[in-house]
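Trainee: Structure incoming, see below.
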Number of protein chains: 6
Amino acid sequence: MATVPLLTDAEVSAEALAVFADIRATRGTDHINNFWRALAHDPATLAATWARLKAVMAPGALDPLVKEMLYIAVSTANGCAYCIHSHTAAARAKGMSAAQHGELLAAIGMAMQTNGLVSALQVPIDAAFDAGAPENIS
Amino acid sequence: MATVPLLTDAEVSAEALAVFADIRATRGTDHINNFWRALAHDPATLAATWARLKAVMAPGALDPLVKEMLYIAVSTANGCAYCIHSHTAAARAKGMSAAQHGELLAAIGMAMQTNGLVSALQVPIDAAFDAGAPENIS
Amino acid sequence: MATVPLLTDAEVSAEALAVFADIRATRGTDHINNFWRALAHDPATLAATWARLKAVMAPGALDPLVKEMLYIAVSTANGCAYCIHSHTAAARAKGMSAAQHGELLAAIGMAMQTNGLVSALQVPIDAAFDAGAPENIS
Amino acid sequence: MATVPLLTDAEVSAEALAVFADIRATRGTDHINNFWRALAHDPATLAATWARLKAVMAPGALDPLVKEMLYIAVSTANGCAYCIHSHTAAARAKGMSAAQHGELLAAIGMAMQTNGLVSALQVPIDAAFDAGAPENIS
Amino acid sequence: MATVPLLTDAEVSAEALAVFADIRATRGTDHINNFWRALAHDPATLAATWARLKAVMAPGALDPLVKEMLYIAVSTANGCAYCIHSHTAAARAKGMSAAQHGELLAAIGMAMQTNGLVSALQVPIDAAFDAGAPENIS
Amino acid sequence: MATVPLLTDAEVSAEALAVFADIRATRGTDHINNFWRALAHDPATLAATWARLKAVMAPGALDPLVKEMLYIAVSTANGCAYCIHSHTAAARAKGMSAAQHGELLAAIGMAMQTNGLVSALQVPIDAAFDAGAPENIS
């Protein structure tokens with residue numbers, strides 16, 4: 001159950017409907033997932049979120065599949081069930097193999113583990129890692 | 001400051017020194033970073049952590065650079081300063097460009113934002129995302 | 001499903017029942033929500049938690065509605081589904097409008113995003129922000 | 001130390017410099033804080049983040065001071081030291097009194113505590129909280 | 001619903017089945033819980049995770065029940081519903097009394113609260129806590 | 001640097017000074033650590049927090065050392081540097097051995113890892129774990 005009702009196409013504003021249209025055109029599907037139907041209560045936030053997501057997740061210096069996996073990694077650390085489901089589905093749609101999924105999970109599990117060990121040990125940062133040091137300014 | 005002293009080569013056990021030797025050989029550097037020097041108080045955990053990290057981060061179905069970026073994504077969501085520094089340095093050493101770093105940050109920021117929106121909205125998971133559904137079992 | 005059974009009025013101790021009575025009187029409703037029914041297994045923690053909550057959420061220098069929204073913000077970052085639902089319901093009961101809810105969500109999403117960017121960038125704190133500096137001691 | 005060098009006005013691109021100019025004009029100060037100097041490595045993310053922040057934090061259905069306190073609440077739950085410092089300074093600049101700060105902290109501490117109790121108890125959500133139920137759709 | 005199908009004994013690889021056999025022998029039950037059935041898609045991660053868990057949770061300088069409670073504490077802070085359920089069940093199986101459960105919850109709630117207060121206050125670490133200081137090196 | 005100045009004994013209110021006196025008497029030391037000096041700006045929260053902490057951390061069904069380790073576990077998952085330092089120092093003062101510290105860290109690291117794996121896999125909770133089921137109500 002959501003904290004707001006999920007809005008149907010008939011219930012959203014014209015501004016929100018235009019965003020839905022762009023989501024449909026960009027993704028090549030008529031399906032609008034629940035996140036956007038919940039967010040449609042606030043058309044300005046809906047429009048800004050979709051516009052930025054579309055730009056950020058587009059092909060660039062990183063492959064879109066890599067971006068989906070990064071999304072899964074962040075969502076897992078934050079425990080966002082919906083986000084993990086939606087981006088795992090998106091990663092599969094972009095070609096993620098079972099082997100890649102397995103390595104993604106292993107990397108996440110490893111990072112979680114050493115994050116915990118480092119945090120409990122309060123390890124001081126090695127000077128060698130400092131990108132802000134004068135010698136590292138190109 | 002750490003919650004345990006960082007151990008020098010002269011202070012660690014033989015078992016820990018053997019792990020240090022493998023870290024040096026695998027990475028091709030004499031530098032042992034502070035995490036391992038703190039973890040060396042418990043040689044069994046040091047050995048198990050290094051062995052698993054070495055296996056998980058090796059080339060496979062995912063590129064080692066992608067794995068470093070996944071590590072940064074998890075570490076950022078967890079706010080682990082040491083981990084962010086060490087894996088950003090590692091990603092650079094493995095060829096991460098400034099443009100890739102920028103897209104990594106943008107993807108992390110976007111994921112954090114929609115994680116928050118989804119969480120506050122408590123969006124129910126679309127049935128279409130369910131990998132455990134019978135029709136999705138290959 | 002909970003990790004402990006939810007206790008009915010007939011099952012709780014006299015000490016817990018007295019807390020339930022104060023919750024009912026303070027809130028003007030007979031309904032005791034599930035959190036208190038789960039917490040009633042430990043009457044001392046139930047009593048201490050309710051007493052402190054009642055004091056903290058009362059009108060003061062901040063409006064009770066603002067306090068409910070702060071509660072939603074923390075609960076969202078922590079991903080506490082129950083807390084998000086209960087405090088969103090409470091905020092609505094205290095007059096939160098749809099527009100206010102929308103701005104609350106937008107602020108949370110923005111904070112999550114810049115938290116992630118700042119964390120990944122490991123931005124050093126500006127000296128100008130330091131409240132502990134001598135010149136800031138009034 | 002940051003994972004990227006902080007850029008001076010002389011080092012940033014023209015696009016980033018235009019964002020800096022708008023930050024200065026909007027805030028009525030020449031000071032550009034470190035976050036923007038770190039983000040300036042990626043002018044597109046800098047511009048998008050500032051544009052959205054400016055819109056989200058502007059006066060609306062919620063007071064700008066309330067929005068700063070919401071930002072502090074999220075940043076605290078995420079443990080983002082920089083964000084806590086910068087938004088506490090911003091809240092003070094917008095008039096947050098010591099009494100309001102105290103109540104903000106008390107509300108955050110209370111929310112953290114009950115988030116933990118609810119999480120450990122895995123309390124099921126009361127049906128009464130369901131905004132998505134048909135009877136709650138206005 | 002999971003992001004991967006849960007595998008039956010008939011569906012897993014020989015390597016995974018051997019891990020299942022060791023779980024059954026170690027725990028003295030035929031029941032394999034869902035975590036392992038999901039993880040079985042990646043036999044290497046399944047085997048490594050089980051081997052390490054078995055070693056870490058075994059009796060040692062800390063009692064196995066204490067270790068289960070530590071697991072609950074971490075899982076609660078991370079909001080991992082499955083983990084909280086499974087380790088609360090495991091703690092009960094190892095003898096956790098209702099009074100111990102109550103004190104566990106109270107300690108978790110207290111830690112969450114002061115974590116939040118400390119984070120919002122950004123309290124500097126007392127020099128007296130520094131284990132890395134020369135005088136603390138035994 | 002803190003978001004508020006740390007208050008000296010000469011600067012705090014009479015109510016806060018009385019709390020300081022009880023901290024000193026209870027702990028058998030004149031040292032008041034920075035957390036309480038920051039919290040003293042709000043005497044009511046200082047008094048309530050100390051009173052509850054004193055009760056929660058006292059001997060009971062769980063050993064005080066176990067409670068300190070639970071505190072470290074929660075603080076580590078939350079990444080609260082101050083809390084990790086202060087409670088590690090407290091645990092040592094209560095007799096935590098190096099071997100116990102090592103096992104504490106290993107348990108935390110393991111929990112973090114499986115929390116991540118479970119979260120990414122979105123494992124459904126086994127019916128066998130349900131304490132709220134009628135057959136589990138004693």
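Each chain in the structure tokens gets a letter, A, B, ..., in the order shown, and its residues are numbered from 1; ligands are numbered from 1 in order too.
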Run DSSP on the backbone and grab whatever in segment 2-49 of chain F lands in alpha helix (DSSP H); send it over as a list in words.
Mentor: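 Residues of segment 2-49 of chain F classed as alpha helix (DSSP H): Ala14, Glu15, Ala16, Leu17, Ala18, Val19, Phe20, Ala21, Asp22, Ile23, Arg24, Ala25, Thr26, Arg27, Asn34, Phe35, Trp36, Arg37, Ala38, Leu39, Pro43, Ala44, Thr45, Leu46, Ala47, Ala48 and Thr49 of chain F.
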Trainee: With only C-alpha atoms considered, list every residue of chain C at most 9 Å from chain B, as a PyMOL selection string.
Mentor: chain C and resi 72-73+75-81+84-85+88+105-106+108-122
Trainee: For those residues, write C-alpha atoms to a file as an mmCIF file, in the first residue's frame.
Mentor:
```cif
data_model
loop_
_atom_site.group_PDB
_atom_site.id
_atom_site.type_symbol
_atom_site.label_atom_id
_atom_site.label_comp_id
_atom_site.auth_asym_id
_atom_site.auth_seq_id
_atom_site.Cartn_x
_atom_site.Cartn_y
_atom_site.Cartn_z
ATOM 1 C CA ILE C 72 8.748 11.250 7.803
ATOM 2 C CA ALA C 73 12.074 12.593 6.513
ATOM 3 C CA SER C 75 11.959 7.430 8.454
ATOM 4 C CA THR C 76 12.284 7.703 4.686
ATOM 5 C CA ALA C 77 16.063 7.881 4.794
ATOM 6 C CA ASN C 78 16.016 4.837 7.069
ATOM 7 C CA GLY C 79 13.494 3.026 4.869
ATOM 8 C CA CYS C 80 11.118 2.308 7.753
ATOM 9 C CA ALA C 81 7.864 1.443 5.939
ATOM 10 C CA ILE C 84 6.464 6.351 6.946
ATOM 11 C CA HIS C 85 2.873 5.131 6.850
ATOM 12 C CA THR C 88 2.161 10.329 6.952
ATOM 13 C CA LEU C 105 8.752 14.681 -0.903
ATOM 14 C CA ALA C 106 10.670 17.007 -3.194
ATOM 15 C CA ILE C 108 13.527 14.621 0.783
ATOM 16 C CA GLY C 109 14.410 13.563 -2.768
ATOM 17 C CA MET C 110 16.724 16.545 -3.183
ATOM 18 C CA ALA C 111 18.452 15.890 0.125
ATOM 19 C CA MET C 112 18.957 12.230 -0.749
ATOM 20 C CA GLN C 113 20.468 13.225 -4.082
ATOM 21 C CA THR C 114 22.936 15.774 -2.754
ATOM 22 C CA ASN C 115 23.776 13.496 0.192
ATOM 23 C CA GLY C 116 24.868 10.944 -2.402
ATOM 24 C CA LEU C 117 26.819 13.444 -4.490
ATOM 25 C CA VAL C 118 28.564 14.926 -1.451
ATOM 26 C CA SER C 119 29.361 11.464 -0.130
ATOM 27 C CA ALA C 120 30.815 10.252 -3.436
ATOM 28 C CA LEU C 121 32.815 13.471 -3.780
ATOM 29 C CA GLN C 122 33.890 13.481 -0.111
#
```
Trainee: Write out as a tab-separated table (two decimals) with C-alpha atoms, in the first residue's frame each polymer residue whose atoms come within 10 Å of Ala58 of chain F, counting only C-alpha atoms; drop sequence neighbours fewer than 6 positions from it.
Mentor:
```
chain	number	residue	atom	x	y	z
E	103	GLU	CA	16.86	-5.59	26.39
F	64	PRO	CA	26.69	-4.68	30.05
F	65	LEU	CA	29.58	-5.72	27.79
F	67	LYS	CA	25.11	-4.20	25.34
```
Trainee: Name all residues at most 12 Å from segment 32-36 of chain D (count only C-alpha atoms; drop same-chain ones fewer than 4 positions away) and give them as a ChimeraX atom specification.
Mentor: /C:114-129 /D:1-9,12,16-17,19-28,40-43,45-50,53,82-83,85-87,89-90
